[in-house]
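A.B. asks: File structure-v1.txt below, compact mmCIF, C-alpha atoms and all ligand atoms:
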# COMPACT_ATOMS: atom_id res chain seq x y z
CA MET A 1 80.26 191.63 95.72
CA GLU A 2 83.54 190.79 94.06
CA ILE A 3 84.20 187.11 93.36
CA ASN A 4 87.88 186.33 93.78
CA GLY A 5 90.33 183.59 94.77
CA GLN A 6 89.01 183.42 98.33
CA THR A 7 85.30 183.18 97.48
CA ARG A 8 83.54 180.20 99.16
CA LEU A 9 80.59 178.44 97.59
CA CYS A 10 77.40 177.14 99.18
CA GLY A 11 74.30 175.91 97.42
CA LEU A 12 70.99 174.13 97.34
CA ILE A 13 70.36 170.61 96.08
CA GLY A 14 66.77 169.92 95.04
CA ASN A 15 64.33 169.18 92.25
CA PRO A 16 62.85 171.64 91.36
CA VAL A 17 64.88 174.60 92.65
CA GLU A 18 63.76 177.43 90.38
CA HIS A 19 61.42 179.10 92.87
CA THR A 20 63.67 178.96 95.92
CA LEU A 21 64.15 182.00 98.15
CA SER A 22 67.37 180.56 99.64
CA PRO A 23 69.73 182.54 97.35
CA VAL A 24 68.04 185.73 98.59
CA ILE A 25 68.71 184.65 102.18
CA HIS A 26 72.32 183.52 101.82
CA ASN A 27 73.64 186.02 99.29
CA GLY A 28 71.82 188.66 101.32
CA LEU A 29 73.51 187.47 104.53
CA ALA A 30 76.92 187.41 102.81
CA GLY A 31 76.32 191.02 101.78
CA GLU A 32 75.18 192.07 105.27
CA THR A 33 77.97 190.32 107.17
CA GLY A 34 80.71 191.06 104.63
CA GLN A 35 81.55 187.39 104.08
CA ASN A 36 83.14 186.34 100.81
CA LEU A 37 80.52 183.69 99.93
CA VAL A 38 78.25 182.90 97.01
CA TYR A 39 75.13 180.70 97.15
CA VAL A 40 73.63 179.05 94.07
CA PRO A 41 70.84 176.54 93.36
CA PHE A 42 71.86 173.13 91.95
CA HIS A 43 69.11 171.35 90.07
CA VAL A 44 69.88 167.67 90.76
CA THR A 45 67.73 165.28 88.75
CA THR A 46 69.78 162.08 89.11
CA GLY A 47 72.84 160.97 91.03
CA LEU A 48 72.27 162.51 94.48
CA GLY A 49 75.25 160.61 95.92
CA GLU A 50 77.54 161.87 93.17
CA ALA A 51 76.26 165.40 93.74
CA VAL A 52 77.14 165.27 97.47
CA LYS A 53 80.50 163.64 96.82
CA GLY A 54 81.25 166.13 94.04
CA ALA A 55 80.30 169.06 96.26
CA TYR A 56 82.72 167.83 98.91
CA ALA A 57 85.49 167.28 96.36
CA LEU A 58 84.96 170.82 95.08
CA ASN A 59 85.54 172.16 98.61
CA ILE A 60 81.97 173.47 98.80
CA LEU A 61 81.46 174.86 102.30
CA GLY A 62 77.87 173.79 102.82
CA MET A 63 74.67 172.73 101.14
CA ASN A 64 70.97 173.00 101.71
CA VAL A 65 68.87 170.06 100.67
CA THR A 66 65.24 170.35 99.68
CA VAL A 67 62.44 168.26 98.20
CA PRO A 68 62.69 165.39 97.25
CA TYR A 69 66.08 164.64 98.86
CA LYS A 70 65.77 165.43 102.58
CA GLN A 71 65.61 161.74 103.53
CA ALA A 72 67.50 160.29 100.57
CA VAL A 73 70.61 162.36 101.37
CA ILE A 74 71.15 160.70 104.78
CA PRO A 75 73.21 157.70 103.52
CA TYR A 76 75.71 160.13 101.95
CA LEU A 77 76.55 161.95 105.19
CA GLN A 78 79.64 161.53 107.33
CA THR A 79 77.67 162.17 110.56
CA ILE A 80 74.21 163.39 111.53
CA ASP A 81 72.94 165.65 114.28
CA PRO A 82 70.71 163.74 116.78
CA LEU A 83 67.54 165.82 116.18
CA ALA A 84 67.90 165.40 112.39
CA GLU A 85 68.45 161.68 112.92
CA ALA A 86 65.31 161.38 115.05
CA ILE A 87 63.27 163.33 112.49
CA GLY A 88 64.81 161.37 109.64
CA ALA A 89 65.20 164.44 107.43
CA VAL A 90 68.18 166.67 106.69
CA ASN A 91 68.06 170.09 105.04
CA THR A 92 71.60 171.33 105.78
CA LEU A 93 75.01 169.82 105.12
CA VAL A 94 77.97 171.24 106.99
CA ARG A 95 81.51 170.51 105.82
CA THR A 96 83.54 168.51 108.34
CA GLU A 97 86.66 166.34 108.21
CA GLY A 98 85.99 163.56 105.71
CA GLY A 99 82.45 164.50 104.64
CA TYR A 100 79.33 166.50 105.45
CA LYS A 101 77.43 166.50 108.74
CA GLY A 102 73.65 166.66 108.35
CA TYR A 103 71.33 168.94 110.33
CA ASN A 104 67.64 169.75 110.28
CA THR A 105 67.49 173.52 110.54
CA ASP A 106 63.86 173.51 109.34
CA MET A 107 62.90 172.57 112.88
CA THR A 108 65.43 174.66 114.78
CA GLY A 109 64.41 177.44 112.38
CA LEU A 110 60.75 176.99 113.27
CA LEU A 111 61.68 177.14 116.95
CA ARG A 112 63.69 180.35 116.51
CA ALA A 113 60.92 181.88 114.36
CA MET A 114 58.40 181.10 117.10
CA TYR A 115 60.68 182.57 119.76
CA SER A 116 61.04 185.73 117.69
CA GLU A 117 57.24 186.09 117.87
CA GLY A 118 57.15 185.32 121.62
CA ILE A 119 55.64 181.84 121.11
CA ARG A 120 56.82 179.13 123.50
CA ILE A 121 56.56 175.33 123.19
CA ARG A 122 57.62 174.28 126.71
CA GLU A 123 54.63 173.07 128.80
CA GLU A 124 52.30 174.23 126.00
CA LYS A 125 49.17 172.37 124.84
CA ILE A 126 49.61 172.02 121.08
CA LEU A 127 47.56 170.87 118.11
CA ILE A 128 49.39 169.73 114.99
CA LEU A 129 47.24 169.59 111.86
CA GLY A 130 48.62 166.95 109.48
CA ALA A 131 50.81 163.88 109.83
CA GLY A 132 52.98 164.07 106.69
CA GLY A 133 56.71 164.76 106.56
CA ALA A 134 56.46 168.34 107.84
CA ALA A 135 54.02 167.48 110.65
CA ARG A 136 56.16 164.54 111.74
CA ALA A 137 59.17 166.84 112.10
CA VAL A 138 57.07 169.36 114.08
CA ALA A 139 55.93 166.54 116.38
CA PHE A 140 59.56 165.62 117.13
CA LEU A 141 60.40 169.27 117.75
CA CYS A 142 57.47 169.74 120.16
CA ALA A 143 58.44 166.62 122.10
CA SER A 144 62.12 167.52 122.24
CA GLU A 145 61.28 171.06 123.42
CA GLY A 146 59.19 169.78 126.33
CA ALA A 147 55.66 170.49 125.14
CA GLY A 148 52.99 169.65 127.72
CA LYS A 149 50.65 167.66 125.53
CA VAL A 150 50.33 167.41 121.74
CA TRP A 151 47.36 166.25 119.69
CA ILE A 152 48.19 165.26 116.12
CA LEU A 153 45.15 165.48 113.87
CA ASN A 154 45.14 163.95 110.41
CA ARG A 155 42.64 162.97 107.73
CA SER A 156 44.10 159.45 107.61
CA ILE A 157 44.31 158.36 111.24
CA GLU A 158 46.90 155.61 110.57
CA LYS A 159 49.55 158.22 109.77
CA ALA A 160 48.78 160.19 112.92
CA GLU A 161 48.93 156.98 114.94
CA ALA A 162 52.25 156.01 113.39
CA VAL A 163 53.82 159.42 114.17
CA ALA A 164 52.44 159.42 117.73
CA GLU A 165 53.70 155.91 118.37
CA GLU A 166 57.15 156.74 117.03
CA VAL A 167 57.54 160.03 118.93
CA ASN A 168 56.19 158.61 122.20
CA ARG A 169 58.55 155.67 121.93
CA HIS A 170 61.52 157.91 121.11
CA PHE A 171 60.94 160.20 124.10
CA GLY A 172 59.66 157.48 126.45
CA ARG A 173 56.48 159.32 127.43
CA GLN A 174 52.88 159.61 126.19
CA ILE A 175 53.21 163.12 124.85
CA LEU A 176 51.45 162.72 121.47
CA GLU A 177 47.81 161.78 121.06
CA PRO A 178 46.61 160.85 117.55
CA MET A 179 43.18 161.96 116.37
CA THR A 180 41.14 161.91 113.15
CA LEU A 181 40.87 165.42 111.74
CA SER A 182 37.08 165.44 111.89
CA ASP A 183 37.16 164.50 115.61
CA TYR A 184 38.31 167.99 116.70
CA THR A 185 35.04 168.47 118.57
CA LYS A 186 36.31 165.80 121.00
CA LEU A 187 39.34 167.85 122.01
CA PRO A 188 39.48 168.80 125.68
CA GLU A 189 38.31 172.24 126.87
CA GLY A 190 40.79 175.07 126.56
CA GLN A 191 42.85 176.78 123.92
CA PHE A 192 45.82 175.53 122.00
CA LEU A 193 48.85 176.68 120.06
CA THR A 194 47.90 175.26 116.64
CA ILE A 195 50.47 174.42 113.99
CA GLN A 196 49.09 173.96 110.47
CA ALA A 197 51.34 171.39 108.79
CA THR A 198 49.12 170.04 105.99
CA SER A 199 49.50 171.09 102.37
CA VAL A 200 45.93 172.44 102.31
CA GLY A 201 45.79 176.15 101.47
CA LEU A 202 49.05 176.14 99.54
CA SER A 203 48.95 178.35 96.45
CA PRO A 204 47.05 178.08 94.09
CA ALA A 205 44.36 176.52 96.40
CA GLU A 206 44.42 179.70 98.48
CA ASP A 207 40.76 179.64 99.54
CA GLU A 208 41.01 176.30 101.36
CA ALA A 209 41.72 175.46 104.99
CA VAL A 210 42.06 171.95 106.38
CA ILE A 211 39.29 172.75 108.92
CA GLU A 212 36.74 175.40 107.96
CA ASP A 213 34.45 175.27 111.02
CA GLU A 214 34.68 178.51 113.02
CA ALA A 215 33.97 176.59 116.24
CA PHE A 216 37.35 174.91 115.85
CA TYR A 217 39.13 178.26 115.65
CA ARG A 218 37.72 179.31 119.02
CA LYS A 219 40.02 176.59 120.40
CA VAL A 220 43.10 178.26 118.90
CA HIS A 221 44.98 180.87 120.97
CA THR A 222 47.78 181.20 118.37
CA GLY A 223 47.90 179.88 114.82
CA TYR A 224 51.10 178.98 113.04
CA ASP A 225 50.93 177.94 109.40
CA LEU A 226 54.03 176.38 107.84
CA ILE A 227 52.82 177.65 104.45
CA TYR A 228 54.07 181.07 103.29
CA ARG A 229 52.61 181.13 99.76
CA PRO A 230 50.07 182.75 100.00
CA PHE A 231 51.41 185.17 102.61
CA THR A 232 48.11 185.09 104.52
CA THR A 233 46.53 181.64 104.29
CA LYS A 234 42.87 180.79 104.79
CA PHE A 235 43.86 179.05 108.06
CA MET A 236 45.46 182.30 109.26
CA LYS A 237 42.39 184.30 108.26
CA LEU A 238 40.13 181.95 110.23
CA VAL A 239 42.37 182.31 113.31
CA GLN A 240 42.48 186.10 112.92
CA LYS A 241 38.70 186.21 112.59
CA GLN A 242 38.55 185.00 116.21
CA GLY A 243 40.84 187.87 117.22
CA ARG A 244 43.85 185.62 117.70
CA PRO A 245 47.37 186.04 116.27
CA ALA A 246 48.34 183.98 113.24
CA TYR A 247 51.72 183.60 111.54
CA ASN A 248 52.89 182.14 108.25
CA GLY A 249 55.98 180.02 107.56
CA LEU A 250 58.18 182.72 106.04
CA LYS A 251 60.11 183.38 109.26
CA MET A 252 60.66 179.64 109.62
CA LEU A 253 62.21 179.70 106.15
CA LEU A 254 64.27 182.75 107.12
CA TYR A 255 65.63 181.19 110.31
CA GLN A 256 66.32 177.75 108.80
CA GLY A 257 68.55 179.67 106.38
CA ILE A 258 70.12 181.80 109.09
CA ILE A 259 70.95 178.76 111.24
CA ALA A 260 72.49 177.01 108.21
CA TYR A 261 74.52 180.14 107.45
CA GLU A 262 75.70 180.30 111.07
CA LEU A 263 76.73 176.63 111.00
CA TRP A 264 78.67 177.08 107.76
CA ASN A 265 80.48 180.22 108.83
CA GLY A 266 80.80 179.84 112.60
CA ILE A 267 79.13 183.21 113.24
CA THR A 268 75.95 184.50 114.88
CA VAL A 269 73.60 186.54 112.69
CA SER A 270 72.16 189.57 114.47
CA GLU A 271 68.40 190.21 114.66
CA LYS A 272 69.04 193.43 112.74
CA ASN A 273 70.51 191.46 109.83
CA ALA A 274 67.69 188.90 110.11
CA ALA A 275 65.11 191.70 109.78
CA GLN A 276 66.88 193.07 106.70
CA ILE A 277 66.87 189.67 105.01
CA TYR A 278 63.20 189.19 105.91
CA GLN A 279 62.38 192.41 104.07
CA LYS A 280 64.33 191.19 101.03
CA MET A 281 62.40 187.89 101.04
CA LYS A 282 59.08 189.73 101.18
CA LYS A 283 60.14 192.00 98.33
CA GLU A 284 61.14 188.97 96.24
CA MET A 285 57.66 187.50 96.88
CA GLY A 286 56.02 190.76 95.87
CA ILE A 287 54.66 191.39 99.39
CA HIS A 288 54.44 195.05 100.39
CA GLU A 289 53.06 195.07 103.93
P1 LIG B 301 54.71 167.41 103.61
O1 LIG B 301 56.03 166.79 103.30
O2 LIG B 301 54.56 168.84 103.17
O3 LIG B 301 54.32 167.23 105.02
P2 LIG B 301 53.02 165.21 102.86
O4 LIG B 301 53.95 164.31 103.58
O5 LIG B 301 52.52 164.83 101.51
O6 LIG B 301 53.65 166.65 102.68
O7 LIG B 301 51.77 165.48 103.84
C1 LIG B 301 50.65 166.23 103.46
C2 LIG B 301 49.72 166.38 104.65
O8 LIG B 301 48.58 167.17 104.24
C3 LIG B 301 49.14 165.07 105.18
O9 LIG B 301 48.91 165.19 106.55
C4 LIG B 301 47.82 164.98 104.40
O10 LIG B 301 46.82 164.21 105.01
P3 LIG B 301 46.72 162.61 104.68
O11 LIG B 301 47.86 161.99 105.42
O12 LIG B 301 45.41 162.20 105.20
O13 LIG B 301 46.84 162.48 103.19
C5 LIG B 301 47.39 166.43 104.45
N1 LIG B 301 46.42 166.73 103.40
C6 LIG B 301 46.66 166.93 102.08
N2 LIG B 301 45.51 167.21 101.43
C7 LIG B 301 44.51 167.17 102.36
C8 LIG B 301 43.10 167.39 102.33
N3 LIG B 301 42.47 167.71 101.19
N4 LIG B 301 42.41 167.28 103.48
C9 LIG B 301 43.04 166.97 104.64
N5 LIG B 301 44.36 166.77 104.75
C10 LIG B 301 45.10 166.87 103.63
Please express what this file holds, its structure, as structure tokens.

C.D. replies:
Amino acid sequence: MEINGQTRLCGLIGNPVEHTLSPVIHNGLAGETGQNLVYVPFHVTTGLGEAVKGAYALNILGMNVTVPYKQAVIPYLQTIDPLAEAIGAVNTLVRTEGGYKGYNTDMTGLLRAMYSEGIRIREEKILILGAGGAARAVAFLCASEGAGKVWILNRSIEKAEAVAEEVNRHFGRQILEPMTLSDYTKLPEGQFLTIQATSVGLSPAEDEAVIEDEAFYRKVHTGYDLIYRPFTTKFMKLVQKQGRPAYNGLKMLLYQGIIAYELWNGITVSEKNAAQIYQKMKKEMGIHE
């Protein structure tokens, strides 16, 4: 594309940022939709507040925010979307009058990615593995989307209890049930949509899954791993071994980007364009399947 006097800038604030796929998503979308926009990573090591203020002063249209700033950025926002506020983490800044508005498109992105695969949350019985930052956000999403019942399983029970207590209080109903990871044998009969939100299995520890026991995987009707490096995680392989569908987190990454792009530009990205960007992301990762 040609950069000229009308070119708008968007970017990513994080530390580190070198391995991000977001430029592939956003520059790809700009190419597909014909928008005059460039997206670049900004490696911010100190002075997060100055970075946000500077971005606004430079008329930057929007920003993504990644590790370690998703919570720390909140004090520098003009306003915050209610779901992002409940989750307590922001990954997208949208330019508004007087400052940026913060959103959490990681979670709306996960929801859209699940929908694109025909997976529903409403009324569903769900297991969340993990109780860290990612799992906590998933728990809020499940509750806000009307899940039937959600068990949150974590190695350290206190964290699962804290998330359950917080989500149940926020939504005013006993939707989340905390459980120690090793207590999965005590789960009720039936099969569950299972969302893998621990860091176990992340590259380079590719041959690990947070639960290895095959008996557990007979309780899973659909597996969703938030990890996308490796492309097929051990958790996914264990789900697939039981003949059940399993998905990685790459479409979540795709749709969090698409939703951010839509918010910045006031457009709707077609599924055709989404599919084209998904292919570009896979190519960038060296995946040929
Ligand atoms: P993120 O922001 O990606 O969610 P995090 O907040 O550090 O990262 O959370 C990591 C999650 O992976 C936690 O649920 C953690 O369990 P603990 O709370 O018990 O630490 C889980 N996790 C990491 N390594 C694990 C392991 N070897 N076995 C079981 N759970 C593990």

A.B. asks: Give me the residues within 8 Å of region 47-52 of chain A as a ChimeraX atom specification, counting all atoms listed in the file and dropping any in the same chain fewer than 2 places off.

C.D. replies: /A:44-45,54-56,69,73,76

A.B. asks: With distances taken over only C-alpha atoms and all ligand atoms, which of A:Leu187, A:Ala197, A:Leu253, A:Leu58 is nearest to ligand LIG 301 (chain B)?

C.D. replies: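 Closest to ligand LIG 301 (chain B) of all the choices is A:Ala197.
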
A.B. asks: Expressed in Å to a single decimal, how great is the separation between CA of Leu193 (chain A) and CA of Arg244 (chain A)?

C.D. replies: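 Value for the CA of Leu193 (chain A)-CA of Arg244 (chain A) distance: 10.5 Å.
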
A.B. asks: To check your reading of the model: which residues sit at most 12 Å from ligand LIG 301 (chain B) when counting all atoms listed in the file? Write the answer as a PDB file with C-alpha atoms, in the frame of the given file.

C.D. replies:
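And here is the file that came out, selection28.pdb:
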ATOM      1  CA  THR A  66      65.240 170.350  99.680  1.00  0.00           C
ATOM      2  CA  VAL A  67      62.440 168.260  98.200  1.00  0.00           C
ATOM      3  CA  PRO A  68      62.690 165.390  97.250  1.00  0.00           C
ATOM      4  CA  TYR A  69      66.080 164.640  98.860  1.00  0.00           C
ATOM      5  CA  LYS A  70      65.770 165.430 102.580  1.00  0.00           C
ATOM      6  CA  GLN A  71      65.610 161.740 103.530  1.00  0.00           C
ATOM      7  CA  ALA A  89      65.200 164.440 107.430  1.00  0.00           C
ATOM      8  CA  ASP A 106      63.860 173.510 109.340  1.00  0.00           C
ATOM      9  CA  ILE A 128      49.390 169.730 114.990  1.00  0.00           C
ATOM     10  CA  LEU A 129      47.240 169.590 111.860  1.00  0.00           C
ATOM     11  CA  GLY A 130      48.620 166.950 109.480  1.00  0.00           C
ATOM     12  CA  ALA A 131      50.810 163.880 109.830  1.00  0.00           C
ATOM     13  CA  GLY A 132      52.980 164.070 106.690  1.00  0.00           C
ATOM     14  CA  GLY A 133      56.710 164.760 106.560  1.00  0.00           C
ATOM     15  CA  ALA A 134      56.460 168.340 107.840  1.00  0.00           C
ATOM     16  CA  ALA A 135      54.020 167.480 110.650  1.00  0.00           C
ATOM     17  CA  ARG A 136      56.160 164.540 111.740  1.00  0.00           C
ATOM     18  CA  ALA A 137      59.170 166.840 112.100  1.00  0.00           C
ATOM     19  CA  VAL A 138      57.070 169.360 114.080  1.00  0.00           C
ATOM     20  CA  ALA A 139      55.930 166.540 116.380  1.00  0.00           C
ATOM     21  CA  ILE A 152      48.190 165.260 116.120  1.00  0.00           C
ATOM     22  CA  LEU A 153      45.150 165.480 113.870  1.00  0.00           C
ATOM     23  CA  ASN A 154      45.140 163.950 110.410  1.00  0.00           C
ATOM     24  CA  ARG A 155      42.640 162.970 107.730  1.00  0.00           C
ATOM     25  CA  SER A 156      44.100 159.450 107.610  1.00  0.00           C
ATOM     26  CA  ILE A 157      44.310 158.360 111.240  1.00  0.00           C
ATOM     27  CA  GLU A 158      46.900 155.610 110.570  1.00  0.00           C
ATOM     28  CA  LYS A 159      49.550 158.220 109.770  1.00  0.00           C
ATOM     29  CA  ALA A 160      48.780 160.190 112.920  1.00  0.00           C
ATOM     30  CA  GLU A 161      48.930 156.980 114.940  1.00  0.00           C
ATOM     31  CA  ALA A 162      52.250 156.010 113.390  1.00  0.00           C
ATOM     32  CA  VAL A 163      53.820 159.420 114.170  1.00  0.00           C
ATOM     33  CA  MET A 179      43.180 161.960 116.370  1.00  0.00           C
ATOM     34  CA  THR A 180      41.140 161.910 113.150  1.00  0.00           C
ATOM     35  CA  LEU A 181      40.870 165.420 111.740  1.00  0.00           C
ATOM     36  CA  SER A 182      37.080 165.440 111.890  1.00  0.00           C
ATOM     37  CA  ILE A 195      50.470 174.420 113.990  1.00  0.00           C
ATOM     38  CA  GLN A 196      49.090 173.960 110.470  1.00  0.00           C
ATOM     39  CA  ALA A 197      51.340 171.390 108.790  1.00  0.00           C
ATOM     40  CA  THR A 198      49.120 170.040 105.990  1.00  0.00           C
ATOM     41  CA  SER A 199      49.500 171.090 102.370  1.00  0.00           C
ATOM     42  CA  VAL A 200      45.930 172.440 102.310  1.00  0.00           C
ATOM     43  CA  GLY A 201      45.790 176.150 101.470  1.00  0.00           C
ATOM     44  CA  LEU A 202      49.050 176.140  99.540  1.00  0.00           C
ATOM     45  CA  ALA A 205      44.360 176.520  96.400  1.00  0.00           C
ATOM     46  CA  GLU A 208      41.010 176.300 101.360  1.00  0.00           C
ATOM     47  CA  ALA A 209      41.720 175.460 104.990  1.00  0.00           C
ATOM     48  CA  VAL A 210      42.060 171.950 106.380  1.00  0.00           C
ATOM     49  CA  ILE A 211      39.290 172.750 108.920  1.00  0.00           C
ATOM     50  CA  GLU A 212      36.740 175.400 107.960  1.00  0.00           C
ATOM     51  CA  ASP A 225      50.930 177.940 109.400  1.00  0.00           C
ATOM     52  CA  LEU A 226      54.030 176.380 107.840  1.00  0.00           C
ATOM     53  CA  ILE A 227      52.820 177.650 104.450  1.00  0.00           C
TER      54      ILE A 227
END

A.B. asks: Of the candidates A:Leu93, A:Ala143, A:Ile87, A:Leu77, which shows the shortest atom-to-atom distance to Val65 (chain A), using all atoms listed in the file?

C.D. replies: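 Among the listed residues, A:Leu93 lies closest to Val65 (chain A).
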
A.B. asks: Would you mind listing what lies within 10 Å of Gly223 (chain A) as a ChimeraX atom specification, with all atoms listed in the file counted and same-chain residues fewer than 5 positions away left out?

C.D. replies: /A:127,192-196,217,235-240,244-248

A.B. asks: Go ahead and compute the interatomic distance for CA of Arg173 (chain A) and CA of Lys186 (chain A), in Å to one decimal.

C.D. replies: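 Computed distance, CA of Arg173 (chain A) to CA of Lys186 (chain A), equals 22.1 Å.
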
A.B. asks: List the neighbours of Ile277 (chain A) out to 8 Å using only C-alpha atoms; skip same-chain residues closer than 2 positions along the sequence, and give me the result as number ranges by chain.

C.D. replies: A: 24-25, 28-29, 254, 273-275, 279-281

A.B. asks: Report, in Å to a single decimal, how far apart CA of Pro23 (chain A) and CA of Asn64 (chain A) are.

C.D. replies: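 Value for the CA of Asn64 (chain A)-CA of Pro23 (chain A) distance: 10.6 Å.
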
A.B. asks: Taking a cut-off of 12 Å and counting all atoms listed in the file, can you build a table that, for each residue of region 14-126 of chain A near region 256-260 of chain A, reports the nearest atom pair and how far apart they are in Å (one decimal), sorted by chain then residue number, as CSV?

C.D. replies:
residue,atom,partner,partner_atom,distance
A:Thr20,CA,A:Gly257,CA,11.6
A:Leu21,CA,A:Gly257,CA,9.6
A:Ser22,CA,A:Gly257,CA,6.9
A:Pro23,CA,A:Gly257,CA,9.5
A:Val24,CA,A:Gly257,CA,9.9
A:Ile25,CA,A:Gly257,CA,6.5
A:His26,CA,A:Gly257,CA,7.1
A:Asn27,CA,A:Gly257,CA,10.8
A:Gly28,CA,A:Ile258,CA,10.5
A:Leu29,CA,A:Ile258,CA,8.0
A:Ala30,CA,A:Ile258,CA,10.8
A:Thr33,CA,A:Ile258,CA,11.7
A:Tyr39,CA,A:Gly257,CA,11.4
A:Leu61,CA,A:Ala260,CA,11.0
A:Gly62,CA,A:Ala260,CA,8.3
A:Met63,CA,A:Ala260,CA,8.5
A:Asn64,CA,A:Ala260,CA,7.8
A:Val65,CA,A:Ala260,CA,10.9
A:Thr66,CA,A:Gln256,CA,11.8
A:Val90,CA,A:Ala260,CA,11.3
A:Asn91,CA,A:Gln256,CA,8.7
A:Thr92,CA,A:Ala260,CA,6.2
A:Leu93,CA,A:Ala260,CA,8.2
A:Val94,CA,A:Ala260,CA,8.1
A:Arg95,CA,A:Ala260,CA,11.4
A:Lys101,CA,A:Ala260,CA,11.6
A:Gly102,CA,A:Ala260,CA,10.4
A:Tyr103,CA,A:Ala260,CA,8.4
A:Asn104,CA,A:Gln256,CA,8.2
A:Thr105,CA,A:Gln256,CA,4.7
A:Asp106,CA,A:Gln256,CA,4.9
A:Met107,CA,A:Gln256,CA,7.4
A:Thr108,CA,A:Gln256,CA,6.8
A:Gly109,CA,A:Gln256,CA,4.1
A:Leu110,CA,A:Gln256,CA,7.2
A:Leu111,CA,A:Gln256,CA,9.4
A:Arg112,CA,A:Gln256,CA,8.6
A:Ala113,CA,A:Gln256,CA,8.8
A:Met114,CA,A:Gln256,CA,12.0

A.B. asks: Counting all atoms listed in the file, which residues sit no farther than 7 Å from the position (67.2, 176.5, 93.5) in the file's frame? I'd like them as a list in words.

C.D. replies: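 All residues meeting the 7 Å criterion around (67.2, 176.5, 93.5) are Leu12, Gly14, Pro16, Val17, Glu18, His19, Thr20, Val40, Pro41, Phe42 and His43 of chain A.
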
A.B. asks: Let's have the selection written as a PDB file, keeping the file's coordinate frame, with C-alpha atoms.

C.D. replies:
ATOM      1  CA  LEU A  12      70.990 174.130  97.340  1.00  0.00           C
ATOM      2  CA  GLY A  14      66.770 169.920  95.040  1.00  0.00           C
ATOM      3  CA  PRO A  16      62.850 171.640  91.360  1.00  0.00           C
ATOM      4  CA  VAL A  17      64.880 174.600  92.650  1.00  0.00           C
ATOM      5  CA  GLU A  18      63.760 177.430  90.380  1.00  0.00           C
ATOM      6  CA  HIS A  19      61.420 179.100  92.870  1.00  0.00           C
ATOM      7  CA  THR A  20      63.670 178.960  95.920  1.00  0.00           C
ATOM      8  CA  VAL A  40      73.630 179.050  94.070  1.00  0.00           C
ATOM      9  CA  PRO A  41      70.840 176.540  93.360  1.00  0.00           C
ATOM     10  CA  PHE A  42      71.860 173.130  91.950  1.00  0.00           C
ATOM     11  CA  HIS A  43      69.110 171.350  90.070  1.00  0.00           C
TER      12      HIS A  43
END

A.B. asks: Using all atoms of region 53-60 of chain A listed in the file and a margin of 8 Å per side, can you give the axis-aligned box centre and edge lengths in Å to one decimal, as JSON?

C.D. replies:
{"center_x": 82.9, "center_y": 168.6, "center_z": 96.5, "size_x": 21.2, "size_y": 25.8, "size_z": 20.9}

A.B. asks: Select, from A:Asp183, A:Asp81, A:Asn15, A:Gly249, the residue with the minimum atom-to-atom distance to Thr46 (chain A), counting all atoms listed in the file.

C.D. replies: A:Asn15

A.B. asks: Might you pull out every residue within 8 Å of Gln191 (chain A), with all atoms listed in the file counted and same-chain residues fewer than 2 positions away left off, and present them as a ChimeraX atom specification?

C.D. replies: /A:125,189,193,218-221

A.B. asks: Would you mind telling me which residue in A:Ala84, A:Ala215, A:Ala57, A:Ile74 lies nearest to Leu141 (chain A) when using only C-alpha atoms?

C.D. replies: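 Result for the nearest residue to Leu141 (chain A): A:Ala84.
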
A.B. asks: Using all atoms listed in the file for the distances, tell me which of A:Arg229, A:Ile3, A:Leu37, A:Trp151 is nearest to Ile60 (chain A).

C.D. replies: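 For Ile60 (chain A), the nearest of the given residues is A:Leu37.
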
A.B. asks: With all atoms listed in the file as the atoms that count, which of A:Leu9, A:Met285, A:Met252, A:Leu83 lies nearest to Asn59 (chain A)?

C.D. replies: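 The shortest atom-to-atom distance to Asn59 (chain A) comes from A:Leu9.
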
A.B. asks: For region 88-96 of chain A, supply N, CA and C atoms and format the output as a PDB file, keeping the file's coordinate frame.

C.D. replies:
ATOM      1  N   GLY A  88      64.604 162.140 110.869  1.00  0.00           N
ATOM      2  CA  GLY A  88      64.810 161.370 109.640  1.00  0.00           C
ATOM      3  C   GLY A  88      64.837 162.236 108.400  1.00  0.00           C
ATOM      4  N   ALA A  89      65.138 163.523 108.573  1.00  0.00           N
ATOM      5  CA  ALA A  89      65.200 164.440 107.430  1.00  0.00           C
ATOM      6  C   ALA A  89      66.289 165.474 107.668  1.00  0.00           C
ATOM      7  N   VAL A  90      67.043 165.750 106.611  1.00  0.00           N
ATOM      8  CA  VAL A  90      68.180 166.670 106.690  1.00  0.00           C
ATOM      9  C   VAL A  90      67.999 167.756 105.633  1.00  0.00           C
ATOM     10  N   ASN A  91      68.151 169.013 106.036  1.00  0.00           N
ATOM     11  CA  ASN A  91      68.060 170.090 105.040  1.00  0.00           C
ATOM     12  C   ASN A  91      69.354 170.897 104.947  1.00  0.00           C
ATOM     13  N   THR A  92      70.348 170.561 105.792  1.00  0.00           N
ATOM     14  CA  THR A  92      71.600 171.330 105.780  1.00  0.00           C
ATOM     15  C   THR A  92      72.800 170.397 105.916  1.00  0.00           C
ATOM     16  N   LEU A  93      73.764 170.577 105.047  1.00  0.00           N
ATOM     17  CA  LEU A  93      75.010 169.820 105.120  1.00  0.00           C
ATOM     18  C   LEU A  93      76.140 170.775 105.492  1.00  0.00           C
ATOM     19  N   VAL A  94      76.870 170.397 106.520  1.00  0.00           N
ATOM     20  CA  VAL A  94      77.970 171.240 106.990  1.00  0.00           C
ATOM     21  C   VAL A  94      79.280 170.491 106.784  1.00  0.00           C
ATOM     22  N   ARG A  95      80.225 171.140 106.147  1.00  0.00           N
ATOM     23  CA  ARG A  95      81.510 170.510 105.820  1.00  0.00           C
ATOM     24  C   ARG A  95      82.287 170.165 107.088  1.00  0.00           C
ATOM     25  N   THR A  96      82.692 168.921 107.213  1.00  0.00           N
ATOM     26  CA  THR A  96      83.540 168.510 108.340  1.00  0.00           C
ATOM     27  C   THR A  96      84.666 167.649 107.757  1.00  0.00           C
TER      28      THR A  96
END
